[in-house]
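Trainee: File target34.pdb below, PDB, C-alpha atoms:
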ATOM      1  CA  ASN A 925     -35.653  17.950   5.364
ATOM      2  CA  ALA A 926     -34.167  14.592   6.442
ATOM      3  CA  GLY A 927     -30.807  14.827   4.609
ATOM      4  CA  VAL A 928     -28.987  11.486   4.901
ATOM      5  CA  THR A 929     -30.766   8.732   6.822
ATOM      6  CA  GLN A 930     -29.033   5.541   7.964
ATOM      7  CA  THR A 931     -30.649   2.454   9.440
ATOM      8  CA  PRO A 932     -30.195   0.816  11.842
ATOM      9  CA  LYS A 933     -28.468   3.042  14.407
ATOM     10  CA  PHE A 934     -27.158   0.118  16.454
ATOM     11  CA  GLN A 935     -26.632  -3.554  15.659
ATOM     12  CA  VAL A 936     -25.019  -6.541  17.319
ATOM     13  CA  LEU A 937     -24.123  -9.504  15.115
ATOM     14  CA  LYS A 938     -22.593 -12.877  15.773
ATOM     15  CA  THR A 939     -19.538 -13.853  13.775
ATOM     16  CA  GLY A 940     -20.610 -15.261  10.419
ATOM     17  CA  GLN A 941     -23.992 -13.547  10.306
ATOM     18  CA  SER A 942     -24.911 -11.256   7.441
ATOM     19  CA  MET A 943     -26.630  -7.901   7.384
ATOM     20  CA  THR A 944     -27.311  -4.888   5.201
ATOM     21  CA  LEU A 945     -26.873  -1.283   6.285
ATOM     22  CA  GLN A 946     -29.286   1.052   4.553
ATOM     23  CA  CYS A 947     -28.660   4.647   3.502
ATOM     24  CA  ALA A 948     -31.001   7.082   1.779
ATOM     25  CA  GLN A 949     -30.613  10.750   0.872
ATOM     26  CA  ASP A 950     -33.293  13.199  -0.187
ATOM     27  CA  MET A 951     -31.042  15.981  -1.522
ATOM     28  CA  ASN A 952     -30.874  14.749  -5.130
ATOM     29  CA  HIS A 953     -27.138  14.124  -4.728
ATOM     30  CA  ASN A 954     -25.294  12.177  -7.385
ATOM     31  CA  SER A 955     -22.457  10.624  -5.367
ATOM     32  CA  MET A 956     -22.730   8.462  -2.256
ATOM     33  CA  TYR A 957     -20.130   6.954   0.080
ATOM     34  CA  TRP A 958     -19.680   4.402   2.834
ATOM     35  CA  TYR A 959     -17.003   4.933   5.498
ATOM     36  CA  ARG A 960     -16.001   3.146   8.654
ATOM     37  CA  GLN A 961     -14.598   4.960  11.651
ATOM     38  CA  ASP A 962     -12.343   3.304  14.193
ATOM     39  CA  PRO A 963     -10.476   4.977  17.068
ATOM     40  CA  GLY A 964      -7.371   6.786  15.832
ATOM     41  CA  MET A 965      -8.126   5.933  12.182
ATOM     42  CA  GLY A 966     -10.402   8.741  11.119
ATOM     43  CA  LEU A 967     -12.833   7.841   8.351
ATOM     44  CA  ARG A 968     -11.744   5.132   5.930
ATOM     45  CA  LEU A 969     -13.520   4.821   2.608
ATOM     46  CA  ILE A 970     -15.080   1.401   1.975
ATOM     47  CA  TYR A 971     -16.939   1.928  -1.311
ATOM     48  CA  TYR A 972     -18.340   4.835  -3.215
ATOM     49  CA  SER A 973     -20.784   5.446  -6.026
ATOM     50  CA  ALA A 974     -19.962   8.399  -8.243
ATOM     51  CA  SER A 975     -23.386   8.260  -9.861
ATOM     52  CA  GLU A 976     -26.412   5.999 -10.152
ATOM     53  CA  GLY A 977     -25.385   2.709 -11.708
ATOM     54  CA  THR A 978     -21.694   2.862 -10.765
ATOM     55  CA  THR A 979     -19.768   1.660  -7.721
ATOM     56  CA  ASP A 980     -16.037   1.632  -6.967
ATOM     57  CA  LYS A 981     -13.773   0.300  -4.243
ATOM     58  CA  GLY A 982     -12.319   2.603  -1.658
ATOM     59  CA  GLU A 983      -9.411   2.000   0.716
ATOM     60  CA  VAL A 984     -10.844  -0.926   2.739
ATOM     61  CA  PRO A 985     -13.388  -2.847   0.584
ATOM     62  CA  ASN A 986     -12.609  -6.425   1.658
ATOM     63  CA  GLY A 987     -15.536  -8.177   3.338
ATOM     64  CA  TYR A 988     -18.131  -5.729   2.027
ATOM     65  CA  ASN A 989     -20.423  -5.346  -0.960
ATOM     66  CA  VAL A 990     -22.555  -2.416  -2.026
ATOM     67  CA  SER A 991     -25.597  -1.695  -4.159
ATOM     68  CA  ARG A 992     -26.636   1.645  -5.574
ATOM     69  CA  LEU A 993     -30.309   0.776  -5.744
ATOM     70  CA  ASN A 994     -31.344   4.095  -7.276
ATOM     71  CA  LYS A 995     -30.241   7.709  -7.013
ATOM     72  CA  ARG A 996     -31.484   7.976  -3.414
ATOM     73  CA  GLU A 997     -30.307   4.712  -1.885
ATOM     74  CA  PHE A 998     -26.898   3.115  -1.345
ATOM     75  CA  SER A 999     -26.664  -0.028   0.776
ATOM     76  CA  LEU A1000     -23.681  -1.772   2.374
ATOM     77  CA  ARG A1001     -23.739  -5.535   2.926
ATOM     78  CA  LEU A1002     -21.626  -7.689   5.201
ATOM     79  CA  GLU A1003     -21.947 -11.253   3.928
ATOM     80  CA  SER A1004     -20.144 -12.975   6.806
ATOM     81  CA  ALA A1005     -19.439 -10.599   9.668
ATOM     82  CA  ALA A1006     -16.105 -10.751  11.498
ATOM     83  CA  PRO A1007     -15.049  -9.120  14.796
ATOM     84  CA  SER A1008     -12.660  -6.904  12.780
ATOM     85  CA  GLN A1009     -15.739  -5.291  11.237
ATOM     86  CA  THR A1010     -16.823  -3.888  14.586
ATOM     87  CA  SER A1011     -16.913  -0.173  13.892
ATOM     88  CA  VAL A1012     -19.079   2.870  13.359
ATOM     89  CA  TYR A1013     -20.278   3.119   9.778
ATOM     90  CA  PHE A1014     -21.140   6.418   8.102
ATOM     91  CA  CYS A1015     -22.924   7.040   4.860
ATOM     92  CA  ALA A1016     -22.374  10.341   3.025
ATOM     93  CA  SER A1017     -23.576  12.038  -0.138
ATOM     94  CA  ILE A1018     -22.281  14.844  -2.335
ATOM     95  CA  TYR A1019     -23.980  16.713  -5.132
ATOM     96  CA  ARG A1020     -21.006  17.073  -7.547
ATOM     97  CA  PRO A1021     -18.251  18.034  -8.120
ATOM     98  CA  LEU A1022     -16.056  16.851  -5.274
ATOM     99  CA  ASN A1023     -15.292  20.193  -3.659
ATOM    100  CA  THR A1024     -18.878  20.673  -2.583
ATOM    101  CA  GLU A1025     -19.993  19.709   0.901
ATOM    102  CA  ALA A1026     -20.362  16.070   1.915
ATOM    103  CA  PHE A1027     -23.413  15.440   4.086
ATOM    104  CA  PHE A1028     -23.272  12.576   6.558
ATOM    105  CA  GLY A1029     -25.788  10.351   8.255
ATOM    106  CA  GLN A1030     -25.828   9.810  12.013
ATOM    107  CA  GLY A1031     -23.863   6.580  11.790
ATOM    108  CA  THR A1032     -24.489   2.904  12.553
ATOM    109  CA  ARG A1033     -22.657   1.417  15.503
ATOM    110  CA  LEU A1034     -21.997  -2.236  14.662
ATOM    111  CA  THR A1035     -20.587  -4.775  17.091
ATOM    112  CA  VAL A1036     -19.610  -8.254  15.921
ATOM    113  CA  VAL A1037     -19.168 -10.784  18.718
TER     114      VAL A1037
ATOM    115  CA  THR B 365      -0.886   4.303   5.145
ATOM    116  CA  GLN B 366      -3.487   7.028   4.735
ATOM    117  CA  LEU B 367      -3.426   9.445   1.827
ATOM    118  CA  LEU B 368      -3.763  12.381   4.207
ATOM    119  CA  GLU B 369      -1.615  12.555   7.341
ATOM    120  CA  GLN B 370      -2.818  14.720  10.191
ATOM    121  CA  SER B 371      -0.824  15.962  13.159
ATOM    122  CA  PRO B 372      -0.939  16.015  16.030
ATOM    123  CA  GLN B 373      -3.322  13.162  16.813
ATOM    124  CA  PHE B 374      -4.342  14.733  20.134
ATOM    125  CA  LEU B 375      -4.204  18.308  21.385
ATOM    126  CA  SER B 376      -5.250  19.515  24.837
ATOM    127  CA  ILE B 377      -5.018  23.201  25.612
ATOM    128  CA  GLN B 378      -6.332  25.781  28.049
ATOM    129  CA  GLU B 379      -9.116  28.160  27.060
ATOM    130  CA  GLY B 380      -7.675  31.273  25.435
ATOM    131  CA  GLU B 381      -4.627  29.545  23.936
ATOM    132  CA  ASN B 382      -3.988  29.161  20.208
ATOM    133  CA  LEU B 383      -3.588  25.887  18.335
ATOM    134  CA  THR B 384      -2.659  24.656  14.877
ATOM    135  CA  VAL B 385      -3.567  21.363  13.216
ATOM    136  CA  TYR B 386      -1.740  20.124  10.126
ATOM    137  CA  CYS B 387      -2.810  18.011   7.158
ATOM    138  CA  ASN B 388      -0.119  16.729   4.797
ATOM    139  CA  SER B 389       0.080  14.518   1.732
ATOM    140  CA  SER B 390       2.502  13.569  -1.010
ATOM    141  CA  SER B 391      -0.355  13.965  -3.503
ATOM    142  CA  VAL B 392      -1.650  17.131  -5.127
ATOM    143  CA  PHE B 393      -5.302  17.904  -4.496
ATOM    144  CA  SER B 394      -7.687  20.042  -6.482
ATOM    145  CA  SER B 395      -9.232  21.027  -3.163
ATOM    146  CA  LEU B 396      -9.057  20.181   0.535
ATOM    147  CA  GLN B 397     -11.832  20.303   3.067
ATOM    148  CA  TRP B 398     -11.914  20.553   6.851
ATOM    149  CA  TYR B 399     -14.683  18.930   8.854
ATOM    150  CA  ARG B 400     -15.505  18.917  12.549
ATOM    151  CA  GLN B 401     -17.135  15.954  14.259
ATOM    152  CA  GLU B 402     -18.760  15.797  17.676
ATOM    153  CA  PRO B 403     -19.386  12.536  19.580
ATOM    154  CA  GLY B 404     -22.286  10.514  18.184
ATOM    155  CA  GLU B 405     -22.626  12.696  15.108
ATOM    156  CA  GLY B 406     -21.386  12.669  11.534
ATOM    157  CA  PRO B 407     -18.739  15.190  10.403
ATOM    158  CA  VAL B 408     -19.874  18.672   9.397
ATOM    159  CA  LEU B 409     -18.051  20.798   6.829
ATOM    160  CA  LEU B 410     -16.148  23.846   8.091
ATOM    161  CA  VAL B 411     -14.438  25.036   4.909
ATOM    162  CA  THR B 412     -13.216  24.097   1.435
ATOM    163  CA  VAL B 413      -9.931  25.514   0.101
ATOM    164  CA  VAL B 414      -9.355  25.368  -3.633
ATOM    165  CA  THR B 415      -6.491  27.643  -4.701
ATOM    166  CA  GLY B 416      -2.841  27.069  -3.759
ATOM    167  CA  GLY B 417      -1.816  29.605  -1.101
ATOM    168  CA  GLU B 418      -5.440  30.378  -0.263
ATOM    169  CA  VAL B 419      -6.273  31.583   3.229
ATOM    170  CA  LYS B 420      -9.827  31.481   4.541
ATOM    171  CA  LYS B 421     -11.085  32.794   7.852
ATOM    172  CA  LEU B 422     -14.140  31.630   9.731
ATOM    173  CA  LYS B 423     -14.420  33.744  12.902
ATOM    174  CA  ARG B 424     -11.503  32.526  15.077
ATOM    175  CA  LEU B 425     -10.548  29.733  12.648
ATOM    176  CA  THR B 426      -7.995  30.330   9.873
ATOM    177  CA  PHE B 427      -7.472  27.761   7.124
ATOM    178  CA  GLN B 428      -4.546  27.735   4.729
ATOM    179  CA  PHE B 429      -3.926  25.674   1.593
ATOM    180  CA  GLY B 430      -0.285  25.116   0.704
ATOM    181  CA  ASP B 431       1.150  26.681  -2.430
ATOM    182  CA  ALA B 432       1.722  23.231  -3.950
ATOM    183  CA  ARG B 433      -1.780  22.079  -2.923
ATOM    184  CA  LYS B 434      -0.367  19.130  -0.959
ATOM    185  CA  ASP B 435      -0.967  20.385   2.565
ATOM    186  CA  SER B 436      -3.250  22.498   4.687
ATOM    187  CA  SER B 437      -3.436  23.877   8.196
ATOM    188  CA  LEU B 438      -6.156  24.928  10.598
ATOM    189  CA  HIS B 439      -5.337  27.573  13.201
ATOM    190  CA  ILE B 440      -7.680  28.438  16.053
ATOM    191  CA  THR B 441      -7.122  31.702  17.896
ATOM    192  CA  ALA B 442      -8.172  32.087  21.527
ATOM    193  CA  ALA B 443      -9.709  28.613  21.704
ATOM    194  CA  GLN B 444     -12.936  28.104  23.622
ATOM    195  CA  PRO B 445     -14.426  24.937  25.161
ATOM    196  CA  GLY B 446     -16.968  24.934  22.310
ATOM    197  CA  ASP B 447     -14.091  24.281  19.894
ATOM    198  CA  THR B 448     -13.618  20.831  21.422
ATOM    199  CA  GLY B 449     -14.089  18.082  18.849
ATOM    200  CA  LEU B 450     -12.492  15.884  16.216
ATOM    201  CA  TYR B 451     -11.097  17.852  13.267
ATOM    202  CA  LEU B 452     -10.730  15.996   9.980
ATOM    203  CA  CYS B 453      -9.195  17.042   6.700
ATOM    204  CA  ALA B 454     -10.462  15.514   3.473
ATOM    205  CA  GLY B 455      -9.403  15.527  -0.154
ATOM    206  CA  GLY B 456     -10.190  13.831  -3.427
ATOM    207  CA  ALA B 457      -7.774  11.388  -5.087
ATOM    208  CA  ASN B 458      -9.987  11.830  -8.127
ATOM    209  CA  ASP B 459     -13.115  13.832  -8.748
ATOM    210  CA  TYR B 460     -15.280  11.476  -6.710
ATOM    211  CA  LYS B 461     -13.078   9.532  -4.295
ATOM    212  CA  LEU B 462     -13.178  11.539  -1.066
ATOM    213  CA  SER B 463     -10.597  10.400   1.514
ATOM    214  CA  PHE B 464     -10.119  11.580   5.073
ATOM    215  CA  GLY B 465      -7.177  11.945   7.411
ATOM    216  CA  ALA B 466      -7.082  10.151  10.758
ATOM    217  CA  GLY B 467      -8.217  13.298  12.556
ATOM    218  CA  THR B 468      -7.008  15.482  15.409
ATOM    219  CA  THR B 469      -8.871  15.333  18.699
ATOM    220  CA  VAL B 470      -8.906  18.816  20.220
ATOM    221  CA  THR B 471      -9.818  19.357  23.872
ATOM    222  CA  VAL B 472     -10.114  22.896  25.196
ATOM    223  CA  ARG B 473     -10.176  23.053  28.991
ATOM    224  CA  ALA B 474     -12.127  25.812  30.704
TER     225      ALA B 474
END
Translate this file's structure into structure tokens.

Mentor:
Amino acid sequence: NAGVTQTPKFQVLKTGQSMTLQCAQDMNHNSMYWYRQDPGMGLRLIYYSASEGTTDKGEVPNGYNVSRLNKREFSLRLESAAPSQTSVYFCASIYRPLNTEAFFGQGTRLTVV
Amino acid sequence: TQLLEQSPQFLSIQEGENLTVYCNSSSVFSSLQWYRQEPGEGPVLLVTVVTGGEVKKLKRLTFQFGDARKDSSLHITAAQPGDTGLYLCAGGANDYKLSFGAGTTVTVRA
């Protein structure tokens, strides 16, 4: 049982380059999330998808776009990477409603130089 | 400004001591969750509290949800080195928007 799978695990980008972080879950969860984690900041919500076909902004959406490709997959795209986007990115999924457990992927460590 | 404020940011104690971590907000939550995260891993759920005034115990960990459902605390009794980690509280601004506090890094020295 894979749970939540994120790819890649590590990535180095040059400023201005673009990339897509992939996330897939095999638990038949309805809601999916993208967070970034920086030292001393905890997890900050970038975007979330309450259900297939819907996406909404979180606390720090600027510079990012998302696609809920189907119920299993939720991708995060950086169109023009900036050094300020250097962070560890986590994808999570929840069945529904909100007070059930959120399951997280292993994270993607992204460095923008 | 984060929706959920955690304190303290760092806590270093000796094995056997007790500790308390706080999670506060000006907003009312239908539920609050506590997660623990170890280096290189994603957070893992410890507990969900739903009812105002609720107290839940998980071995040496005691979780409390404030009567007004705006705050919560995590108390660890007789801490052990295995309790070392980042403790995060989380709550929903709406039914689907799950936000986290900045976390408390706990270090238990043997």

Trainee: Name the residues that the ChimeraX specification (/A :<6) & /B picks from the file above, as a PDB file with C-alpha atoms, in the coordinates of the input, using the file's chain letters and numbers.

Mentor:
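The resulting part.pdb:
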ATOM      1  CA  GLU B 405     -22.626  12.696  15.108  1.00  0.00           C
ATOM      2  CA  GLY B 406     -21.386  12.669  11.534  1.00  0.00           C
ATOM      3  CA  ASP B 459     -13.115  13.832  -8.748  1.00  0.00           C
ATOM      4  CA  TYR B 460     -15.280  11.476  -6.710  1.00  0.00           C
ATOM      5  CA  PHE B 464     -10.119  11.580   5.073  1.00  0.00           C
ATOM      6  CA  GLY B 465      -7.177  11.945   7.411  1.00  0.00           C
ATOM      7  CA  ALA B 466      -7.082  10.151  10.758  1.00  0.00           C
ATOM      8  CA  GLY B 467      -8.217  13.298  12.556  1.00  0.00           C
TER       9      GLY B 467
END

Trainee: Given all atoms listed in the file as the basis, pick out the residue of A:Pro1007, A:Ile970, A:Thr1035, A:Arg1001 nearest to B:Leu462.

Mentor: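 Counting all atoms listed in the file, the residue closest to B:Leu462 is A:Ile970.
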
Trainee: Here's a test: counting all atoms listed in the file, identify every protein, DNA and RNA residue with an atom at most 7 Å from (-2.9, 28.2, 10.8) in the file's coordinate frame, and state them as a list of chain:residue names.

Mentor: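 With a cut-off of 7 Å, the residues come to B:Thr384, B:Thr426, B:Phe427, B:Gln428, B:Ser437, B:Leu438, B:His439.
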
Trainee: Translate the PyMOL selection byres ((chain B and resi 399) around 8) into a concrete residue list for this structure, as a PyMOL selection string.

Mentor: chain B and resi 397-398+400-401+407-411+451-454

Trainee: To one decimal in Å, tell me the separation between atom CA of A:Val1037 and atom CA of A:Ser999.

Mentor: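 Distance between the two atoms: 22.2 Å.
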
Trainee: So the first atom is atom CA of A:Thr1010 and the second is atom CA of A:Thr931; what is the distance between them in Å, to one decimal place?

Mentor: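 The value is 16.1 Å.
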
Trainee: Can you tell me how far atom CA of A:Trp958 sits from atom CA of B:Thr448, in Å to one decimal?

Mentor: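 Interatomic distance here is 25.5 Å.
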
Trainee: Hey, what comes out of the PyMOL selection byres ((chain B and resi 394) around 8) on this file? Could you write it as an mmCIF file with C-alpha atoms, in the frame of the given file?

Mentor:
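See part08.cif below for the written result:
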data_model
loop_
_atom_site.group_PDB
_atom_site.id
_atom_site.type_symbol
_atom_site.label_atom_id
_atom_site.label_comp_id
_atom_site.auth_asym_id
_atom_site.auth_seq_id
_atom_site.Cartn_x
_atom_site.Cartn_y
_atom_site.Cartn_z
ATOM 1 C CA VAL B 392 -1.650 17.131 -5.127
ATOM 2 C CA PHE B 393 -5.302 17.904 -4.496
ATOM 3 C CA SER B 395 -9.232 21.027 -3.163
ATOM 4 C CA LEU B 396 -9.057 20.181 0.535
ATOM 5 C CA VAL B 414 -9.355 25.368 -3.633
ATOM 6 C CA THR B 415 -6.491 27.643 -4.701
ATOM 7 C CA ARG B 433 -1.780 22.079 -2.923
ATOM 8 C CA GLY B 455 -9.403 15.527 -0.154
ATOM 9 C CA GLY B 456 -10.190 13.831 -3.427
#

Trainee: Considering only C-alpha atoms, return as a PDB file with C-alpha atoms, in the frame of the given file whatever protein or nucleic-acid residues lie within 10 Å of B:Pro445, sequence-local ones (same chain, fewer than 2 positions apart) excluded.

Mentor:
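This went into part09.pdb:
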ATOM      1  CA  ILE B 377      -5.018  23.201  25.612  1.00  0.00           C
ATOM      2  CA  GLN B 378      -6.332  25.781  28.049  1.00  0.00           C
ATOM      3  CA  GLU B 379      -9.116  28.160  27.060  1.00  0.00           C
ATOM      4  CA  GLY B 380      -7.675  31.273  25.435  1.00  0.00           C
ATOM      5  CA  ALA B 443      -9.709  28.613  21.704  1.00  0.00           C
ATOM      6  CA  ASP B 447     -14.091  24.281  19.894  1.00  0.00           C
ATOM      7  CA  THR B 448     -13.618  20.831  21.422  1.00  0.00           C
ATOM      8  CA  GLY B 449     -14.089  18.082  18.849  1.00  0.00           C
ATOM      9  CA  VAL B 470      -8.906  18.816  20.220  1.00  0.00           C
ATOM     10  CA  THR B 471      -9.818  19.357  23.872  1.00  0.00           C
ATOM     11  CA  VAL B 472     -10.114  22.896  25.196  1.00  0.00           C
ATOM     12  CA  ARG B 473     -10.176  23.053  28.991  1.00  0.00           C
ATOM     13  CA  ALA B 474     -12.127  25.812  30.704  1.00  0.00           C
TER      14      ALA B 474
END

Trainee: Do a neighbour search on B:Val385 at 9 Å with only C-alpha atoms, toss out local chain neighbours closer than 2 positions, and write the hits as a ChimeraX atom specification.

Mentor: /B:370-373,375,383,387,436-440,451,468

Trainee: Include C-alpha atoms and write out the residues we just selected as a CSV table (one decimal), keeping the file's coordinate frame.

Mentor:
chain,number,residue,atom,x,y,z
B,370,GLN,CA,-2.8,14.7,10.2
B,371,SER,CA,-0.8,16.0,13.2
B,372,PRO,CA,-0.9,16.0,16.0
B,373,GLN,CA,-3.3,13.2,16.8
B,375,LEU,CA,-4.2,18.3,21.4
B,383,LEU,CA,-3.6,25.9,18.3
B,387,CYS,CA,-2.8,18.0,7.2
B,436,SER,CA,-3.2,22.5,4.7
B,437,SER,CA,-3.4,23.9,8.2
B,438,LEU,CA,-6.2,24.9,10.6
B,439,HIS,CA,-5.3,27.6,13.2
B,440,ILE,CA,-7.7,28.4,16.1
B,451,TYR,CA,-11.1,17.9,13.3
B,468,THR,CA,-7.0,15.5,15.4

Trainee: Which is closer to B:Lys434 than all the others in B:Asn382, B:Thr469, B:Ser391, B:Ser376, using only C-alpha atoms?

Mentor: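 For B:Lys434, the nearest of the given residues is B:Ser391.
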